[in-house]
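Novice: Please find target34.tsv (TSV, C-alpha atoms and all ligand atoms) on the next line:
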chain	number	residue	atom	x	y	z
T	1	MET	CA	0.00	0.00	0.00
T	2	THR	CA	1.16	3.56	-0.61
T	3	PRO	CA	1.45	5.91	2.40
T	4	GLU	CA	-1.66	7.68	1.13
T	5	GLN	CA	-3.65	4.43	1.09
T	6	THR	CA	-2.33	3.46	4.54
T	7	ILE	CA	-3.40	6.81	6.00
T	8	THR	CA	-6.83	6.66	4.38
T	9	GLN	CA	-7.44	3.13	5.67
T	10	LEU	CA	-6.22	3.89	9.21
T	11	LYS	CA	-8.34	7.03	9.37
T	12	ASN	CA	-11.36	4.91	8.44
T	13	ASP	CA	-10.47	2.21	10.99
T	14	LEU	CA	-9.82	4.66	13.84
T	15	GLY	CA	-12.80	6.89	13.09
T	16	SER	CA	-13.54	9.33	15.91
T	17	ARG	CA	-10.61	7.99	17.99
T	18	LEU	CA	-8.29	10.00	15.75
T	19	CYS	CA	-7.99	13.66	14.82
T	20	ILE	CA	-5.23	14.97	12.53
T	21	LEU	CA	-4.31	18.65	12.88
T	22	ALA	CA	-2.08	20.39	10.35
T	23	HIS	CA	-0.48	23.83	10.19
T	24	HIS	CA	-0.79	25.90	7.00
T	25	TYR	CA	2.96	25.55	6.35
T	26	GLN	CA	2.61	21.79	5.81
T	27	ALA	CA	2.96	20.28	2.33
T	28	ASP	CA	-0.19	19.47	0.34
T	29	SER	CA	0.56	15.74	0.62
T	30	VAL	CA	0.11	16.08	4.41
T	31	VAL	CA	-2.62	18.72	4.44
T	32	ARG	CA	-4.95	16.56	2.36
T	33	HIS	CA	-5.20	14.13	5.30
T	34	ALA	CA	-5.90	16.80	7.93
T	35	ASP	CA	-9.21	16.97	9.80
T	36	ILE	CA	-8.36	20.50	10.92
T	37	LEU	CA	-6.08	22.93	9.10
T	38	GLY	CA	-5.16	26.19	10.78
T	39	ASP	CA	-2.60	28.61	12.15
T	40	SER	CA	-1.20	28.36	15.67
T	41	LEU	CA	-4.09	30.21	17.32
T	42	GLU	CA	-6.84	28.33	15.46
T	43	LEU	CA	-5.24	24.97	16.23
T	44	ALA	CA	-4.68	25.79	19.92
T	45	ARG	CA	-8.31	26.89	20.22
T	46	ARG	CA	-9.62	23.67	18.70
T	47	ILE	CA	-7.85	21.34	21.16
T	48	ASP	CA	-10.36	22.00	23.93
T	49	GLY	CA	-13.31	20.74	21.87
T	50	LEU	CA	-11.69	17.54	20.63
T	51	ASP	CA	-12.92	14.17	21.88
T	52	ALA	CA	-10.42	12.06	19.94
T	53	GLU	CA	-8.18	9.77	21.97
T	54	HIS	CA	-5.27	10.35	19.55
T	55	ILE	CA	-4.40	13.82	18.30
T	56	VAL	CA	-1.75	13.73	15.58
T	57	PHE	CA	-0.14	17.11	15.11
T	58	CYS	CA	1.44	17.84	11.73
T	59	GLY	CA	3.58	20.87	12.52
T	60	VAL	CA	6.66	21.61	14.59
T	61	HIS	CA	7.37	20.36	18.07
T	62	PHE	CA	6.27	23.41	20.11
T	63	MET	CA	2.82	23.10	18.52
T	64	ALA	CA	2.53	19.45	19.59
T	65	GLU	CA	3.71	20.45	23.09
T	66	THR	CA	1.03	23.15	23.23
T	67	ALA	CA	-1.58	20.59	22.18
T	68	ALA	CA	-0.34	18.16	24.86
T	69	ILE	CA	-0.62	20.90	27.51
T	70	LEU	CA	-4.17	21.81	26.47
T	71	ALA	CA	-5.37	18.23	25.89
T	72	ARG	CA	-7.60	16.45	28.39
T	73	PRO	CA	-6.26	13.66	30.65
T	74	GLY	CA	-6.19	10.45	28.66
T	75	GLN	CA	-5.80	12.14	25.27
T	76	LYS	CA	-2.51	11.41	23.53
T	77	VAL	CA	-0.75	13.85	21.25
T	78	HIS	CA	1.66	12.55	18.60
T	79	ILE	CA	3.98	14.24	16.13
T	80	PRO	CA	5.17	12.30	13.06
T	81	ASP	CA	8.75	13.59	13.48
T	82	PRO	CA	9.70	14.71	17.02
T	83	GLY	CA	12.83	16.25	15.47
T	84	ALA	CA	10.73	18.89	13.71
T	85	SER	CA	11.84	21.76	15.89
T	86	CYS	CA	11.52	25.51	15.32
T	87	VAL	CA	14.68	27.56	14.93
T	88	MET	CA	13.03	30.53	16.61
T	89	ALA	CA	11.75	28.53	19.59
T	90	GLU	CA	15.27	27.23	20.18
T	91	MET	CA	16.64	30.75	20.53
T	92	VAL	CA	15.43	31.00	24.13
T	93	PRO	CA	17.34	28.86	26.65
T	94	THR	CA	14.91	28.72	29.60
T	95	LEU	CA	17.49	29.47	32.30
T	96	LEU	CA	18.71	32.51	30.42
T	97	ALA	CA	15.13	33.77	30.08
T	98	GLU	CA	14.70	33.39	33.86
T	99	LYS	CA	17.99	35.21	34.46
T	100	VAL	CA	17.14	38.10	32.14
T	101	LEU	CA	13.69	38.48	33.68
T	102	ALA	CA	15.18	38.51	37.18
T	103	ALA	CA	17.67	41.19	36.11
T	104	LEU	CA	14.90	43.34	34.63
T	105	ASN	CA	12.83	42.91	37.77
T	106	ARG	CA	15.52	43.64	40.31
T	107	ASP	CA	14.79	46.71	42.42
T	108	GLY	CA	11.11	45.83	42.48
T	109	ALA	CA	10.06	46.45	38.85
T	110	ARG	CA	7.30	44.24	37.48
T	111	ILE	CA	8.18	43.31	33.92
T	112	ILE	CA	5.63	40.91	32.41
T	113	PRO	CA	6.98	38.14	30.15
T	114	LEU	CA	4.95	37.59	26.98
T	115	THR	CA	6.08	34.79	24.73
T	116	TYR	CA	5.12	34.15	21.15
T	117	VAL	CA	3.54	30.69	20.92
T	118	ASN	CA	6.65	29.70	18.93
T	119	SER	CA	8.53	28.83	22.11
T	120	SER	CA	9.14	25.78	24.25
T	121	ALA	CA	6.71	24.67	26.96
T	122	ALA	CA	9.42	25.53	29.50
T	123	VAL	CA	9.50	29.17	28.33
T	124	LYS	CA	5.69	29.32	28.41
T	125	ALA	CA	5.95	28.01	31.98
T	126	VAL	CA	8.30	30.90	32.88
T	127	CYS	CA	5.60	33.26	31.59
T	128	GLY	CA	2.90	31.46	33.53
T	129	ARG	CA	4.91	31.63	36.77
T	130	HIS	CA	5.68	35.35	36.41
T	131	GLY	CA	2.22	36.72	35.61
T	132	GLY	CA	2.72	36.58	31.85
T	133	SER	CA	1.12	34.90	28.92
T	134	VAL	CA	1.44	33.74	25.33
T	135	CYS	CA	0.50	35.31	22.01
T	136	THR	CA	0.21	34.28	18.40
T	137	SER	CA	0.73	36.49	15.36
T	138	ALA	CA	-3.07	36.76	15.11
T	139	ASN	CA	-3.58	38.19	18.59
T	140	ALA	CA	-0.18	39.79	19.33
T	141	ALA	CA	-1.59	43.34	19.57
T	142	THR	CA	-4.36	42.31	21.98
T	143	MET	CA	-1.92	40.38	24.13
T	144	LEU	CA	0.75	43.11	24.13
T	145	ARG	CA	-1.88	45.63	25.32
T	146	TRP	CA	-2.95	43.09	27.95
T	147	ALA	CA	0.63	42.55	29.15
T	148	MET	CA	1.30	46.31	29.25
T	149	SER	CA	-1.68	46.68	31.56
T	150	GLN	CA	-0.34	44.08	34.01
T	151	GLY	CA	2.91	45.71	35.12
T	152	ASP	CA	5.68	48.24	34.49
T	153	GLY	CA	6.77	46.89	31.11
T	154	VAL	CA	6.92	43.77	28.95
T	155	LEU	CA	9.63	41.29	28.04
T	156	PHE	CA	8.57	40.00	24.60
T	157	LEU	CA	10.16	36.79	23.38
T	158	PRO	CA	11.47	35.18	21.22
T	159	ASP	CA	10.68	37.12	18.01
T	160	ALA	CA	12.07	40.67	18.02
T	161	ASN	CA	10.47	41.44	14.64
T	162	LEU	CA	6.99	40.45	15.75
T	163	GLY	CA	7.54	42.41	18.96
T	164	ARG	CA	8.59	45.57	17.13
T	165	ASN	CA	5.88	45.28	14.45
T	166	THR	CA	3.24	44.76	17.13
T	167	ALA	CA	4.59	47.69	19.17
T	168	ARG	CA	4.01	49.88	16.13
T	169	VAL	CA	0.38	48.69	15.88
T	170	VAL	CA	-0.15	49.27	19.59
T	171	GLY	CA	1.55	52.69	19.44
T	172	ILE	CA	4.56	52.19	21.71
T	173	ASP	CA	7.18	54.92	21.26
T	174	PRO	CA	10.24	53.34	19.54
T	175	ALA	CA	12.48	55.22	22.01
T	176	ARG	CA	10.89	53.17	24.78
T	177	ILE	CA	11.77	49.84	23.19
T	178	GLU	CA	15.05	48.03	23.78
T	179	ARG	CA	16.34	45.03	21.87
T	180	LEU	CA	18.26	43.05	24.49
T	181	ASP	CA	21.85	41.99	24.09
T	182	ILE	CA	21.89	38.54	25.65
T	183	ARG	CA	25.22	37.38	24.26
T	184	ALA	CA	27.02	37.78	27.56
T	185	GLU	CA	25.26	34.89	29.26
T	186	GLY	CA	25.49	35.12	33.01
T	187	THR	CA	26.57	38.75	32.96
T	188	PHE	CA	23.45	40.20	31.37
T	189	ILE	CA	23.08	43.85	32.30
T	190	PRO	CA	19.81	45.52	31.40
T	191	ALA	CA	19.59	49.05	30.04
T	192	ALA	CA	21.05	51.70	32.31
T	193	ASP	CA	17.77	53.37	33.21
T	194	ARG	CA	15.60	50.25	32.84
T	195	SER	CA	12.61	52.39	32.13
T	196	ARG	CA	11.62	50.92	28.79
T	197	ASP	CA	8.07	49.85	28.05
T	198	LEU	CA	9.15	46.93	25.92
T	199	TYR	CA	12.23	44.68	25.99
T	200	LEU	CA	12.70	42.48	22.93
T	201	TRP	CA	14.43	39.12	23.00
T	202	PRO	CA	16.65	39.05	19.90
T	203	GLY	CA	15.14	35.94	18.26
T	204	LEU	CA	13.96	35.56	14.67
T	205	CYS	CA	12.34	33.19	12.21
T	206	ALA	CA	14.80	31.68	9.76
T	207	VAL	CA	12.12	31.75	7.04
T	208	HIS	CA	10.77	35.28	7.42
T	209	ALA	CA	14.26	36.73	7.95
T	210	LYS	CA	14.85	35.97	4.27
T	211	PHE	CA	12.50	38.73	3.09
T	212	HIS	CA	14.26	42.03	2.46
T	213	PRO	CA	13.28	45.59	1.46
T	214	GLU	CA	15.13	45.15	-1.87
T	215	GLN	CA	12.70	42.38	-2.92
T	216	ILE	CA	9.78	44.73	-2.33
T	217	ALA	CA	11.57	47.53	-4.20
T	218	VAL	CA	11.99	45.26	-7.24
T	219	VAL	CA	8.27	44.36	-7.27
T	220	ARG	CA	7.31	48.03	-6.88
T	221	ARG	CA	9.57	48.94	-9.80
T	222	ASP	CA	8.52	46.11	-12.14
T	223	GLU	CA	4.87	45.68	-11.18
T	224	PRO	CA	3.65	48.89	-9.60
T	225	GLY	CA	0.06	47.64	-9.42
T	226	ALA	CA	0.89	44.52	-7.42
T	227	LEU	CA	-0.34	44.04	-3.88
T	228	ILE	CA	2.36	43.00	-1.38
T	229	LEU	CA	1.37	41.19	1.81
T	230	VAL	CA	3.81	39.92	4.43
T	231	HIS	CA	3.86	38.14	7.77
T	232	PRO	CA	4.79	40.21	10.87
T	233	GLU	CA	7.76	37.93	11.60
T	234	CYS	CA	9.42	39.88	8.76
T	235	ASP	CA	11.80	42.77	9.39
T	236	PRO	CA	9.91	45.96	10.38
T	237	GLU	CA	11.28	47.73	7.29
T	238	VAL	CA	9.75	45.03	5.09
T	239	VAL	CA	6.45	45.32	6.95
T	240	ALA	CA	6.49	49.12	6.60
T	241	MET	CA	7.00	48.83	2.82
T	242	ALA	CA	4.28	46.20	2.29
T	243	ASP	CA	0.61	46.98	1.59
T	244	GLY	CA	-0.47	44.79	4.46
T	245	ALA	CA	0.98	42.58	7.18
T	246	GLY	CA	-0.65	40.04	9.41
T	247	SER	CA	-0.95	36.49	10.63
T	248	THR	CA	-1.44	33.48	8.40
T	249	SER	CA	-5.22	33.84	8.75
T	250	TYR	CA	-4.95	37.50	7.74
T	251	LEU	CA	-2.91	36.60	4.64
T	252	ILE	CA	-5.43	33.92	3.61
T	253	LYS	CA	-8.33	36.35	4.02
T	254	ALA	CA	-6.57	39.25	2.29
T	255	VAL	CA	-5.79	37.11	-0.76
T	256	ALA	CA	-9.37	35.79	-0.85
T	257	GLU	CA	-10.73	39.33	-0.72
T	258	ALA	CA	-8.42	40.79	-3.38
T	259	LYS	CA	-10.16	41.47	-6.66
T	260	SER	CA	-10.10	38.96	-9.47
T	261	GLY	CA	-7.10	39.49	-11.77
T	262	ALA	CA	-5.00	41.07	-8.99
T	263	THR	CA	-1.30	40.29	-8.74
T	264	ILE	CA	-0.41	39.55	-5.14
T	265	TYR	CA	3.06	38.90	-3.74
T	266	VAL	CA	3.02	37.14	-0.40
T	267	GLY	CA	5.99	37.13	1.98
T	268	THR	CA	5.61	33.97	4.01
T	269	GLU	CA	6.34	30.23	3.89
T	270	TRP	CA	6.14	28.83	0.37
T	271	ASN	CA	3.66	25.98	1.00
T	272	LEU	CA	0.99	28.43	2.07
T	273	VAL	CA	1.66	30.80	-0.85
T	274	ASN	CA	1.56	27.90	-3.30
T	275	ARG	CA	-1.75	26.67	-1.86
T	276	LEU	CA	-3.21	30.19	-2.10
T	277	ALA	CA	-2.14	30.35	-5.75
T	278	GLU	CA	-3.89	27.04	-6.45
T	279	ARG	CA	-6.99	28.09	-4.53
T	280	HIS	CA	-7.32	31.40	-6.43
T	281	PRO	CA	-6.62	30.68	-10.11
T	282	ASP	CA	-8.34	33.96	-11.04
T	283	LYS	CA	-5.54	35.90	-9.27
T	284	ASN	CA	-1.77	35.91	-9.77
T	285	VAL	CA	-0.56	34.86	-6.33
T	286	ARG	CA	3.24	34.69	-6.13
T	287	PRO	CA	5.84	34.25	-3.40
T	288	LEU	CA	7.83	37.41	-2.64
T	289	ARG	CA	10.65	34.88	-2.44
T	290	SER	CA	10.33	31.07	-2.36
T	291	VAL	CA	11.35	30.08	1.17
T	292	MET	CA	10.38	26.84	2.88
T	293	CYS	CA	10.61	25.96	6.56
T	294	SER	CA	12.94	22.95	6.64
T	295	ASN	CA	11.49	21.84	9.98
T	296	MET	CA	7.87	21.96	8.86
T	297	ALA	CA	9.03	19.91	5.85
T	298	LYS	CA	10.18	17.10	8.16
T	299	ILE	CA	6.55	15.98	8.42
T	300	THR	CA	5.83	13.81	5.40
T	301	GLU	CA	3.13	11.47	4.20
T	302	ASP	CA	5.56	8.61	4.96
T	303	ASN	CA	6.12	9.44	8.63
T	304	LEU	CA	2.44	10.34	9.07
T	305	ALA	CA	1.54	6.85	7.80
T	306	ARG	CA	4.10	5.26	10.15
T	307	THR	CA	2.80	7.29	13.11
T	308	LEU	CA	-0.79	6.23	12.47
T	309	SER	CA	0.28	2.59	12.11
T	310	GLY	CA	1.87	2.58	15.58
T	311	LEU	CA	-0.52	4.83	17.50
T	312	ASP	CA	-1.57	2.36	20.17
T	313	THR	CA	2.00	1.56	21.24
T	314	ALA	CA	3.70	4.90	20.45
T	315	GLU	CA	5.11	7.15	23.16
T	316	PRO	CA	3.03	10.34	22.99
T	317	VAL	CA	4.43	13.87	23.41
T	318	ARG	CA	4.89	14.42	27.14
T	319	VAL	CA	5.35	17.64	29.06
T	320	ASP	CA	6.33	17.24	32.73
T	321	ASP	CA	3.66	18.40	35.13
T	322	ASP	CA	5.83	21.07	36.77
T	323	ILE	CA	6.18	22.67	33.32
T	324	ALA	CA	2.74	21.83	31.92
T	325	ARG	CA	0.86	23.42	34.85
T	326	PRO	CA	2.35	26.96	34.65
T	327	ALA	CA	2.51	26.76	30.83
T	328	ARG	CA	-1.23	25.98	30.80
T	329	VAL	CA	-1.82	29.01	33.05
T	330	ALA	CA	0.00	31.21	30.50
T	331	LEU	CA	-1.96	29.71	27.58
T	332	GLU	CA	-5.29	29.99	29.37
T	333	ARG	CA	-4.61	33.68	30.08
T	334	MET	CA	-4.27	34.13	26.32
T	335	LEU	CA	-7.40	32.15	25.46
T	336	GLU	CA	-9.30	34.11	28.14
T	337	ALA	CA	-8.03	37.52	26.95
T	338	CYS	CA	-8.88	36.67	23.33
T	339	ARG	CA	-12.31	35.10	23.77
T	401	LIG	S1	8.45	29.13	9.78
T	401	LIG	FE1	9.84	30.12	11.26
T	401	LIG	S2	8.70	30.29	13.15
T	401	LIG	FE2	7.58	28.83	11.83
T	401	LIG	S3	8.38	26.83	12.46
T	401	LIG	FE3	9.65	27.51	10.74
T	401	LIG	S4	11.41	28.56	11.74
T	401	LIG	FE4	9.79	28.37	13.29
Output the file's structure as structure tokens, nothing else.

Specialist:
Amino acid sequence: MTPEQTITQLKNDLGSRLCILAHHYQADSVVRHADILGDSLELARRIDGLDAEHIVFCGVHFMAETAAILARPGQKVHIPDPGASCVMAEMVPTLLAEKVLAALNRDGARIIPLTYVNSSAAVKAVCGRHGGSVCTSANAATMLRWAMSQGDGVLFLPDANLGRNTARVVGIDPARIERLDIRAEGTFIPAADRSRDLYLWPGLCAVHAKFHPEQIAVVRRDEPGALILVHPECDPEVVAMADGAGSTSYLIKAVAEAKSGATIYVGTEWNLVNRLAERHPDKNVRPLRSVMCSNMAKITEDNLARTLSGLDTAEPVRVDDDIARPARVALERMLEACR
């Protein structure tokens, strides 16, 4: 049997015991088997309503961890390749995050940690323990406003670009934002006056960092009528030059709402752009640059078929209770604030 046939048969056999979730950056060969397709926020929101015993998450590891944290007791979350990590999520060593937060909070300040969902469960737990929360690219502005209202300032991690782009939406004065220099591990010294509203962890997405102002300038020169849409993990200069910027859901909606015949350049992961082009043959949907996430690409039809074949004996994704509990607190604060 081909992997496709194996998956189809096992889905039939398992019926309601199984639910396959897939992120928009997954390849079509995986997406076609998904019961639910979505961005990080949509997928996190759907976990609560799932009755399936086995949740198979086609995405990167932090997404499967988030699902495992939000799943009910007895539900098992699986990922077809546990090695599908996220470069950005790995840019925050948990102990260093704790150390930086402690340094910012010395002398009695109350800096609230707000982590992008693209982070480990351990970093989400740090946020949960210190009055903070989680955000996605779809609700970053809401959550940054929320975090600002909880204390004297915010430590936003790991994505400095999303932090700065969101700060612009929220209206934070750029002079009151500091991008942290965390290279001197163990000797981190926060800004002299420590009176910033927003401290940015210097992380980035390896995919969205590949979009540059020059690419937009070339499109503007050669196709002045084209619409340019980008993801807010892109450099703030790229976002400022684009016609629109927003989460994956925003990009999908903006392309759908563009008029027939429009030429639209999209600055995000190639699989999504390609799918949008196929879905809207009446429009010219093109990648601003063709960039794929090598970690998202680790999930294949082959390893999905193998995962489904061994579900009953497989070791599910586990998050230790001392991490899962505070991480859940951080996630629930987000789901509550964004009802
Ligand atoms: S696209 Fe970027 S943020 Fe998303 S999983 Fe890949 S490296 Fe991480």

Novice: Using all atoms listed in the file, which of T:Ile69, T:Ile47, T:Val218, T:Ala297 sits nearest Asp321 in chain T?

Specialist: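 Closest to Asp321 in chain T of all the choices is T:Ile69.
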
Novice: 9 Å from ligand LIG 401 (chain T) is the threshold here; counting all atoms listed in the file, which polymer residues fall inside it? Answer as a list in words.

Specialist: Tyr25, Gly59, Val60, His61, Phe62, Ala84, Ser85, Cys86, Val87, Met88, Ala89, Glu90, Asn118, Ser119, Asp159, Leu204, Cys205, Ala206, Val207, His208, Ala209, Glu233, Thr268, Glu269, Met292, Cys293, Ser294, Asn295 and Met296 of chain T

Novice: Which one of T:Asn161, T:Asn284, T:Ser40, T:Asn139 sits closest to His24 in chain T if you count only C-alpha atoms?

Specialist: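 Of all the options, T:Ser40 lies closest to His24 in chain T.
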
Novice: Can you work out which one of T:Asp320, T:Glu257, T:Asp312, T:Asp282 has the shortest atom-to-atom distance to His54 in chain T, counting all atoms listed in the file?

Specialist: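 Between T:Asp320, T:Glu257, T:Asp312, T:Asp282, the residue approaching His54 in chain T most closely is T:Asp312.
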
Novice: Please list as a list in words every residue within 8 Å of Asp152 in chain T, counting all atoms listed in the file and excluding residues in the same chain fewer than 6 positions away.

Specialist: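 The filter keeps Ala109, Arg110, Ile111, Ile112 and Asp197 of chain T.
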
Novice: For Arg183 in chain T, list every protein, DNA or RNA residue within 12 Å, evaluated using all atoms listed in the file, and leave out those in the same chain fewer than 6 positions away; present the list as a ChimeraX atom specification.

Specialist: /T:91-93,96,100,189,201-203

Novice: State, in Å with one decimal place, the distance from CA of Pro73 in chain T to CA of Glu315 in chain T.

Specialist: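 Distance reported for this atom pair: 15.1 Å.
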
Novice: So the first atom is CA of Gly132 in chain T and the second is CA of Asp173 in chain T; what is the distance between them in Å, to one decimal place?

Specialist: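 Distance between the two atoms: 21.6 Å.
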
Novice: Between CA of Asn165 in chain T and CA of Ser137 in chain T, what is the distance in Å, rounded to a tenth?

Specialist: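 CA of Ser137 in chain T lies 10.2 Å from CA of Asn165 in chain T.
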
Novice: Restricting the calculation to only C-alpha atoms, which member of T:Gly15, T:Pro113, T:Gly83, T:Gly49 is positioned closest to Val154 in chain T?

Specialist: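 Of the candidates, the smallest distance to Val154 in chain T is held by T:Pro113.
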
Novice: Would you kindly return, as a list in words, each protein, DNA or RNA residue with an atom no farther than 9 Å from any atom of Tyr116 in chain T, considering only C-alpha atoms and excluding same-chain residues fewer than 3 positions away?

Specialist: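 Result of the neighbour search: Ala89, Ser119, Lys124, Ser133, Val134, Cys135, Thr136, Ser137, Ala140, Phe156, Leu157, Pro158, Asp159, Leu162 and Gly163 of chain T.
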
Novice: My list of candidates is T:Glu301, T:Glu332, T:Glu65, T:Glu98. Which is closest to Ser120 in chain T when distances are computed with all atoms listed in the file?

Specialist: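 Smallest distance to Ser120 in chain T is found for T:Glu65.
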
Novice: Looking at all atoms listed in the file, which of T:Arg275, T:Leu101, T:Leu288, T:Ala52 is the one that sits closest to Ala217 in chain T?

Specialist: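 Nearest to Ala217 in chain T: T:Leu288.
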
Novice: For range 137-145 of chain T, I'd like the enclosing box, axis-aligned and padded by 4 Å on every side, reported as JSON with centre and edge lengths in Å to one decimal.

Specialist:
{"center_x": -1.8, "center_y": 41.1, "center_z": 20.2, "size_x": 13.1, "size_y": 17.1, "size_z": 18.2}

Novice: For a cutoff of 10 Å around the file-coordinate point (6.2, 42.2, 6.7), which residues qualify once you count all atoms listed in the file? I'd like the result as a VMD selection string.

Specialist: chain T and resid 161 to 162 165 208 to 209 211 to 213 228 to 247 266 to 268

Novice: What lies within 7 Å of Val56 in chain T using only C-alpha atoms, ignoring chain neighbours under 6 positions off, as a count of residues only?

Specialist: 6

Novice: Excluding same-chain residues fewer than 4 positions from range 11-13 of chain T, what lies within 12 Å of it counting only C-alpha atoms, as a list in words?

Specialist: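 Neighbouring residues, sequence-local ones excluded: Glu4, Gln5, Thr6, Ile7, Arg17, Leu18, Cys19, Ile20, His33, Ala34, Asp35, Ala52, His54, Ile55, Val56, Leu304, Ala305, Thr307, Leu308, Ser309 and Leu311 of chain T.
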